[in-house]
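Raw start16.csv, CSV, C-alpha atoms:
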```
chain,number,residue,atom,x,y,z
S,1351,MET,CA,58.0,149.5,135.2
S,1352,SER,CA,55.3,146.9,134.9
S,1353,THR,CA,51.8,147.2,133.5
S,1354,LEU,CA,49.6,149.2,135.8
S,1355,ILE,CA,45.8,148.7,135.7
S,1356,HIS,CA,43.7,150.8,138.1
S,1357,PRO,CA,41.3,148.7,140.2
S,1358,THR,CA,38.3,150.5,138.8
S,1359,ALA,CA,39.3,149.8,135.1
S,1360,ILE,CA,37.5,147.0,133.2
S,1361,VAL,CA,40.0,145.2,131.0
S,1362,ASP,CA,38.8,142.1,129.1
S,1363,ASN,CA,41.2,139.2,129.7
S,1364,LYS,CA,41.4,138.6,126.0
S,1365,ALA,CA,42.9,142.1,125.3
S,1366,GLU,CA,46.6,142.0,124.3
S,1367,LEU,CA,48.6,144.5,126.3
S,1368,GLY,CA,52.3,145.4,125.8
S,1369,ALA,CA,54.9,146.1,128.4
S,1370,ASN,CA,54.7,149.2,130.6
S,1371,VAL,CA,51.1,150.0,129.8
S,1372,ALA,CA,49.2,152.2,132.2
S,1373,ILE,CA,45.4,152.0,132.3
S,1374,GLY,CA,43.8,154.6,134.6
S,1375,PRO,CA,40.6,154.9,136.6
S,1376,TYR,CA,37.3,153.8,135.0
S,1377,CYS,CA,38.8,152.9,131.6
S,1378,VAL,CA,37.1,150.1,129.6
S,1379,VAL,CA,39.2,147.9,127.2
S,1380,GLY,CA,37.5,145.3,125.0
S,1381,GLY,CA,38.6,141.8,124.2
S,1382,ASP,CA,39.6,142.5,120.6
S,1383,VAL,CA,41.9,145.4,121.5
S,1384,THR,CA,45.7,145.3,121.1
S,1385,MET,CA,47.9,147.9,122.8
S,1386,GLY,CA,51.7,148.2,122.3
S,1387,ASP,CA,54.4,149.0,124.8
S,1388,ASN,CA,54.4,152.2,126.9
S,1389,CYS,CA,50.8,153.3,126.1
S,1390,GLU,CA,48.8,155.2,128.6
S,1391,LEU,CA,45.0,155.5,129.0
S,1392,MET,CA,44.6,158.3,131.6
S,1393,SER,CA,41.0,157.8,132.8
S,1394,HIS,CA,37.5,157.1,131.6
S,1395,VAL,CA,38.8,156.0,128.2
S,1396,VAL,CA,36.9,153.4,126.1
S,1397,LEU,CA,38.9,151.2,123.7
S,1398,THR,CA,36.5,148.8,122.0
S,1399,GLY,CA,35.9,146.9,118.7
S,1400,HIS,CA,38.8,145.5,116.6
S,1401,THR,CA,41.3,148.2,117.7
S,1402,SER,CA,45.0,148.0,117.5
S,1403,MET,CA,47.4,150.6,118.8
S,1404,GLY,CA,51.2,150.8,118.5
S,1405,SER,CA,53.6,151.9,121.2
S,1406,GLY,CA,54.0,155.2,123.1
S,1407,ASN,CA,50.4,156.5,122.6
S,1408,ARG,CA,48.7,158.6,125.3
S,1409,VAL,CA,44.9,158.8,125.4
S,1410,PHE,CA,43.3,161.5,127.6
S,1411,PRO,CA,40.1,161.3,129.6
S,1412,PHE,CA,36.7,160.5,128.1
S,1413,SER,CA,38.0,159.6,124.6
S,1414,SER,CA,36.3,156.8,122.7
S,1415,ILE,CA,38.1,154.7,120.1
S,1416,GLY,CA,36.8,151.8,118.1
S,1417,GLN,CA,33.1,152.3,118.4
S,1418,ILE,CA,30.9,151.3,115.4
S,1419,PRO,CA,30.7,153.9,112.6
S,1420,GLN,CA,28.0,156.5,112.5
S,1421,ASP,CA,26.9,155.2,109.1
S,1422,LEU,CA,23.4,153.7,108.4
S,1423,LYS,CA,25.0,151.3,105.8
S,1424,TYR,CA,27.0,149.6,108.5
S,1425,HIS,CA,25.6,146.1,109.2
S,1426,GLY,CA,28.0,144.6,111.8
S,1427,GLU,CA,31.0,143.8,109.7
S,1428,PRO,CA,34.2,143.3,111.8
S,1429,SER,CA,35.9,146.5,110.7
S,1430,GLU,CA,39.0,148.0,112.4
S,1431,VAL,CA,40.8,151.0,113.9
S,1432,ILE,CA,44.5,150.9,113.4
S,1433,ILE,CA,46.7,153.5,115.3
S,1434,GLY,CA,50.4,153.8,115.0
S,1435,ASN,CA,53.0,155.0,117.5
S,1436,ASP,CA,53.5,158.1,119.7
S,1437,ASN,CA,50.1,159.7,119.1
S,1438,GLN,CA,48.4,162.1,121.6
S,1439,ILE,CA,44.7,161.7,121.6
S,1440,ARG,CA,43.2,164.4,123.8
S,1441,GLU,CA,40.0,164.7,125.9
S,1442,ASN,CA,36.7,163.6,124.4
S,1443,ALA,CA,38.2,162.6,121.0
S,1444,THR,CA,36.2,160.0,119.1
S,1445,ILE,CA,37.6,157.6,116.4
S,1446,ASN,CA,35.2,155.2,114.7
S,1447,ALA,CA,35.8,151.9,113.0
S,1448,GLY,CA,35.7,151.5,109.2
S,1449,THR,CA,33.0,150.1,107.0
S,1450,GLU,CA,32.7,147.5,104.2
S,1451,GLY,CA,32.4,150.3,101.7
S,1452,GLY,CA,35.6,152.0,102.7
S,1453,GLY,CA,38.1,149.2,103.1
S,1454,MET,CA,37.1,148.1,106.6
S,1455,VAL,CA,39.6,150.2,108.4
S,1456,THR,CA,40.1,153.6,109.9
S,1457,LYS,CA,43.8,154.3,110.1
S,1458,ILE,CA,46.0,156.8,112.0
S,1459,GLY,CA,49.7,157.0,111.6
S,1460,ASN,CA,52.5,158.1,113.9
S,1461,SER,CA,53.2,161.2,116.1
S,1462,ASN,CA,49.8,162.9,115.5
S,1463,LEU,CA,48.1,165.3,117.9
S,1464,LEU,CA,44.3,165.0,118.0
S,1465,MET,CA,43.2,167.8,120.3
S,1466,ALA,CA,40.0,167.9,122.5
S,1467,TYR,CA,36.7,167.0,120.9
S,1468,THR,CA,38.1,166.0,117.6
S,1469,HIS,CA,36.3,163.4,115.6
S,1470,VAL,CA,37.7,160.9,113.1
S,1471,ALA,CA,34.9,159.1,111.3
S,1472,HIS,CA,34.8,155.7,109.6
S,1473,ASP,CA,37.4,154.9,106.9
S,1474,CYS,CA,39.5,158.0,107.4
S,1475,GLN,CA,43.2,157.6,106.6
S,1476,LEU,CA,45.6,159.9,108.4
S,1477,GLY,CA,49.4,160.0,107.9
S,1478,ASP,CA,52.1,161.2,110.3
S,1479,HIS,CA,52.8,164.4,112.3
S,1480,ILE,CA,49.3,165.8,111.8
S,1481,VAL,CA,47.5,168.2,114.1
S,1482,LEU,CA,43.8,168.3,114.4
S,1483,ALA,CA,42.9,171.4,116.5
S,1484,ASN,CA,40.1,171.5,119.0
S,1485,CYS,CA,36.6,170.4,117.7
S,1486,SER,CA,37.8,169.8,114.2
S,1487,THR,CA,35.8,167.0,112.5
S,1488,LEU,CA,36.6,164.6,109.7
S,1489,ALA,CA,33.6,163.0,108.0
S,1490,GLY,CA,33.9,159.5,106.5
S,1491,HIS,CA,36.6,158.5,104.0
S,1492,VAL,CA,38.7,161.6,104.5
S,1493,GLU,CA,42.4,161.4,103.7
S,1494,VAL,CA,44.9,163.6,105.5
S,1495,ASP,CA,48.5,163.5,104.4
S,1496,ASP,CA,51.7,164.0,106.6
S,1497,ARG,CA,52.2,167.2,108.6
S,1498,ALA,CA,48.8,168.8,107.6
S,1499,ILE,CA,47.3,171.1,110.2
S,1500,ILE,CA,43.5,171.5,110.5
S,1501,GLY,CA,42.3,174.5,112.5
S,1502,GLY,CA,39.8,174.4,115.4
S,1503,LEU,CA,36.1,174.0,114.7
S,1504,SER,CA,36.7,173.0,111.1
S,1505,ALA,CA,34.6,170.4,109.3
S,1506,ILE,CA,35.9,168.3,106.4
S,1507,GLN,CA,33.3,166.8,104.1
S,1508,GLN,CA,33.3,163.1,103.3
S,1509,PHE,CA,35.8,161.8,100.7
S,1510,VAL,CA,37.9,165.0,100.8
S,1511,ARG,CA,41.7,164.8,100.6
S,1512,ILE,CA,44.0,167.1,102.5
S,1513,GLY,CA,47.4,167.3,101.0
S,1514,LYS,CA,50.8,167.1,102.8
S,1515,LEU,CA,51.8,170.2,104.9
S,1516,ALA,CA,48.5,171.9,104.0
S,1517,MET,CA,47.2,174.3,106.7
S,1518,ILE,CA,43.4,174.7,107.2
S,1519,GLY,CA,42.3,177.9,109.0
S,1520,GLY,CA,40.0,177.7,111.9
S,1521,MET,CA,36.2,177.4,111.4
S,1522,SER,CA,36.6,176.2,107.9
S,1523,GLY,CA,34.1,174.3,105.9
S,1524,VAL,CA,36.0,172.2,103.4
S,1525,THR,CA,34.1,170.5,100.6
S,1526,LYS,CA,36.8,170.0,98.0
S,1527,ASP,CA,40.3,168.6,98.0
S,1528,VAL,CA,43.0,170.8,99.4
S,1529,PRO,CA,46.4,170.6,97.6
S,1530,PRO,CA,49.6,170.0,99.5
S,1531,TYR,CA,51.7,172.8,100.8
S,1532,CYS,CA,48.8,175.3,100.5
S,1533,LEU,CA,47.0,177.6,103.0
S,1534,LEU,CA,43.3,177.6,103.2
S,1535,ALA,CA,41.6,180.6,104.9
S,1536,GLY,CA,38.9,180.0,107.5
S,1537,GLY,CA,35.2,180.3,106.8
S,1538,TYR,CA,32.5,178.3,105.2
S,1539,ARG,CA,33.3,177.1,101.6
S,1540,SER,CA,36.8,178.4,102.1
S,1541,SER,CA,39.4,179.1,99.3
S,1542,LEU,CA,43.1,178.9,99.2
S,1543,SER,CA,45.2,182.0,100.1
S,1544,GLY,CA,48.6,180.9,98.9
S,1545,LEU,CA,51.5,178.6,99.7
S,1546,ASN,CA,52.6,177.4,103.2
S,1547,VAL,CA,55.9,179.3,102.8
S,1548,VAL,CA,56.9,178.8,106.5
S,1549,GLY,CA,56.4,175.0,106.1
S,1550,LEU,CA,58.4,174.9,102.9
S,1551,LYS,CA,61.3,176.8,104.5
S,1552,ARG,CA,61.3,174.3,107.3
S,1553,LYS,CA,61.4,171.5,104.7
S,1554,GLY,CA,64.6,173.1,103.3
S,1555,TYR,CA,63.3,175.0,100.3
S,1556,ASN,CA,65.2,178.1,99.4
S,1557,LEU,CA,63.7,181.4,98.1
S,1558,ALA,CA,64.4,180.5,94.4
S,1559,GLN,CA,62.6,177.2,94.8
S,1560,ILE,CA,59.7,178.8,96.5
S,1561,LYS,CA,59.5,181.5,93.8
S,1562,GLN,CA,59.2,178.8,91.1
S,1563,LEU,CA,56.6,176.9,93.1
S,1564,LYS,CA,54.6,180.0,93.4
S,1565,GLU,CA,54.5,180.1,89.6
S,1566,VAL,CA,53.3,176.5,89.6
S,1567,TYR,CA,50.6,177.4,92.1
S,1568,ARG,CA,49.5,180.3,90.0
S,1569,LEU,CA,49.2,178.1,86.9
S,1570,LEU,CA,47.3,175.3,88.6
S,1571,LEU,CA,45.2,177.1,91.2
S,1572,GLN,CA,44.7,180.7,90.1
S,1573,GLU,CA,44.5,180.7,86.3
S,1574,LYS,CA,41.4,179.9,84.3
S,1575,GLY,CA,41.4,177.5,81.4
S,1576,LYS,CA,41.6,173.8,80.7
S,1577,ARG,CA,43.2,171.8,83.5
S,1578,ASP,CA,45.2,169.6,81.2
S,1579,GLU,CA,46.8,172.5,79.5
S,1580,ARG,CA,47.7,174.2,82.8
S,1581,LEU,CA,49.2,170.9,84.1
S,1582,THR,CA,51.4,170.6,81.1
S,1583,GLN,CA,52.6,174.2,81.5
S,1584,ALA,CA,53.3,173.7,85.2
S,1585,GLU,CA,55.2,170.4,84.6
S,1586,ALA,CA,57.5,172.2,82.1
S,1587,LEU,CA,58.7,174.5,84.9
S,1588,LEU,CA,59.8,171.7,87.2
S,1589,SER,CA,63.1,169.9,87.4
S,1590,ASP,CA,63.1,166.1,87.8
S,1591,ASP,CA,64.2,166.4,91.5
S,1592,ASP,CA,61.5,169.0,92.5
S,1593,GLU,CA,59.6,166.7,94.9
S,1594,VAL,CA,57.2,169.3,96.1
S,1595,GLY,CA,56.3,170.7,92.7
S,1596,HIS,CA,55.6,167.2,91.3
S,1597,GLU,CA,53.5,166.3,94.3
S,1598,LEU,CA,51.4,169.5,93.7
S,1599,VAL,CA,51.0,168.6,90.1
S,1600,SER,CA,50.1,165.0,90.8
S,1601,PHE,CA,47.6,166.0,93.4
S,1602,VAL,CA,45.8,168.4,91.1
S,1603,ARG,CA,45.8,165.8,88.3
S,1604,THR,CA,44.2,163.1,90.5
S,1605,ALA,CA,41.6,165.3,92.3
S,1606,GLN,CA,38.3,163.4,92.4
S,1607,ARG,CA,36.2,165.4,94.8
S,1608,GLY,CA,36.7,168.8,93.1
S,1609,LEU,CA,39.6,171.0,93.9
S,1610,THR,CA,39.9,174.0,96.2
S,1611,THR,CA,41.4,176.9,94.3
S,1612,HIS,CA,42.7,180.4,95.1
S,1613,GLY,CA,40.1,182.9,96.2
S,1614,ARG,CA,39.2,185.6,93.7
S,1615,ASP,CA,38.3,189.2,94.3
S,1616,PRO,CA,34.5,189.9,94.2
S,1617,GLU,CA,35.0,192.0,91.0
S,1618,GLN,CA,36.6,189.1,89.1
```
Have the structure of the file written as C-alpha cells, please.
Amino acid sequence: MSTLIHPTAIVDNKAELGANVAIGPYCVVGGDVTMGDNCELMSHVVLTGHTSMGSGNRVFPFSSIGQIPQDLKYHGEPSEVIIGNDNQIRENATINAGTEGGGMVTKIGNSNLLMAYTHVAHDCQLGDHIVLANCSTLAGHVEVDDRAIIGGLSAIQQFVRIGKLAMIGGMSGVTKDVPPYCLLAGGYRSSLSGLNVVGLKRKGYNLAQIKQLKEVYRLLLQEKGKRDERLTQAEALLSDDDEVGHELVSFVRTAQRGLTTHGRDPEQ
C-alpha cells in the first residue's frame, strides 16, 4: 500500500511522510510536520507547527495537533509536539506545543488512547498505555506516568503529576499530585480512596504483596505526622526488590505540588 492523500487535503510539500500514510478529506498538514509509517489522519485533522509523530498512529476527525500554546507568556519560540507510536487520538482532541518555560516540548509516548474532546496543554509529558477519557483536560506542565487512567470530564491542574497506574474517577478536579497505583474518587478537590488492586493484580502482585503495600499506603497517605518519619517507617517494610513499594515511597518523597491523600470521614 502506498501513501494515499485525498484530493481535498492540503499537505505542505516540505512535510516528511513515511510509508503507507493515509491522509483523508480536508486535512491540513504543515511544512514542519513529520509522520512515521502507517499513520492515518481520517478527515478534517490539522497537524501544524513543529510536530513529529511516530508510526501506527490514528487521528480521528476534527483533531488539532501542534497549535501554539494557550499561554500568554508564549512569544513565538519554535517549540514542539513529539508523539510516539500506535496512539489513538479521537475526535476533537487538541494537543498544543510547548513553551520556553517548560522545556519547549509537549511529549506523548506510545499506545495511548486520547478520547474525544480531550486536551493536552503545553509542556505536558505523557508516558505509555495511558487512557484519557472523554473531555478530560490536562493543563500546562502536567506529567502522566505509564498506564494511568483519567476519567471523563476531569480537569488536572498545571504542574500536577499523575503516578503510574493511578486511576482518576470521572468529573474529578485534581489540584495535587496523585501517587502511583492509587485510586482517586471523582468530584472537585478529590481525595484518594485506596489502592488500584485490580491493576496491581494484573501487574503480577500476589495478595501478600498487596497487603504489605496497603500498610505502606496507610503510613504514607492516611496517617498524620511528619512526612520524613512516615517515609522512614514505610521504607523499613519494603524488600529491596519491591518495585511498586519503592516507587510509591519515591513519589511521596519528591512531591512538589502537594500530595493528594486518603479521604477522611467528616468527624475526623
- Considering all atoms listed in the file, return as a ChimeraX atom specification whatever protein or nucleic-acid residues lie within 8 Å of Ile1506 (chain S), sequence-local ones (same chain, fewer than 2 positions apart) excluded. /S:1487-1489,1492,1504,1508,1510,1523-1525
- Take the point (54.2, 171.4, 95.2) as written in the file and pick out every residue within 7 Å of it, counting only C-alpha atoms; give the list as a ChimeraX atom specification. /S:1530-1531,1563,1594-1599
Shell around Val1378 (chain S) at 7 Å using only C-alpha atoms, local window under 5 positions removed, as a PDB file with C-alpha atoms, keeping the file's coordinate frame:
```
ATOM      1  CA  ALA S1359      39.300 149.800 135.100  1.00  0.00           C
ATOM      2  CA  ILE S1360      37.500 147.000 133.200  1.00  0.00           C
ATOM      3  CA  VAL S1361      40.000 145.200 131.000  1.00  0.00           C
ATOM      4  CA  VAL S1395      38.800 156.000 128.200  1.00  0.00           C
ATOM      5  CA  VAL S1396      36.900 153.400 126.100  1.00  0.00           C
ATOM      6  CA  LEU S1397      38.900 151.200 123.700  1.00  0.00           C
TER       7      LEU S1397
END
```
- What lies within 8 Å of Ile1418 (chain S) using only C-alpha atoms, ignoring chain neighbours under 5 positions off, as a PyMOL selection string? chain S and resi 1399+1446-1448
- Message: I'd like the contact shell of Leu1533 (chain S) - 7 Å cut-off, only C-alpha atoms, skipping same-chain residues fewer than 6 positions apart - returned as a list of chain:residue names.
- Response: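 Those residues are S:Ala1516, S:Met1517, S:Ile1518, S:Leu1542, S:Ser1543, S:Gly1544, S:Leu1545, S:Asn1546.
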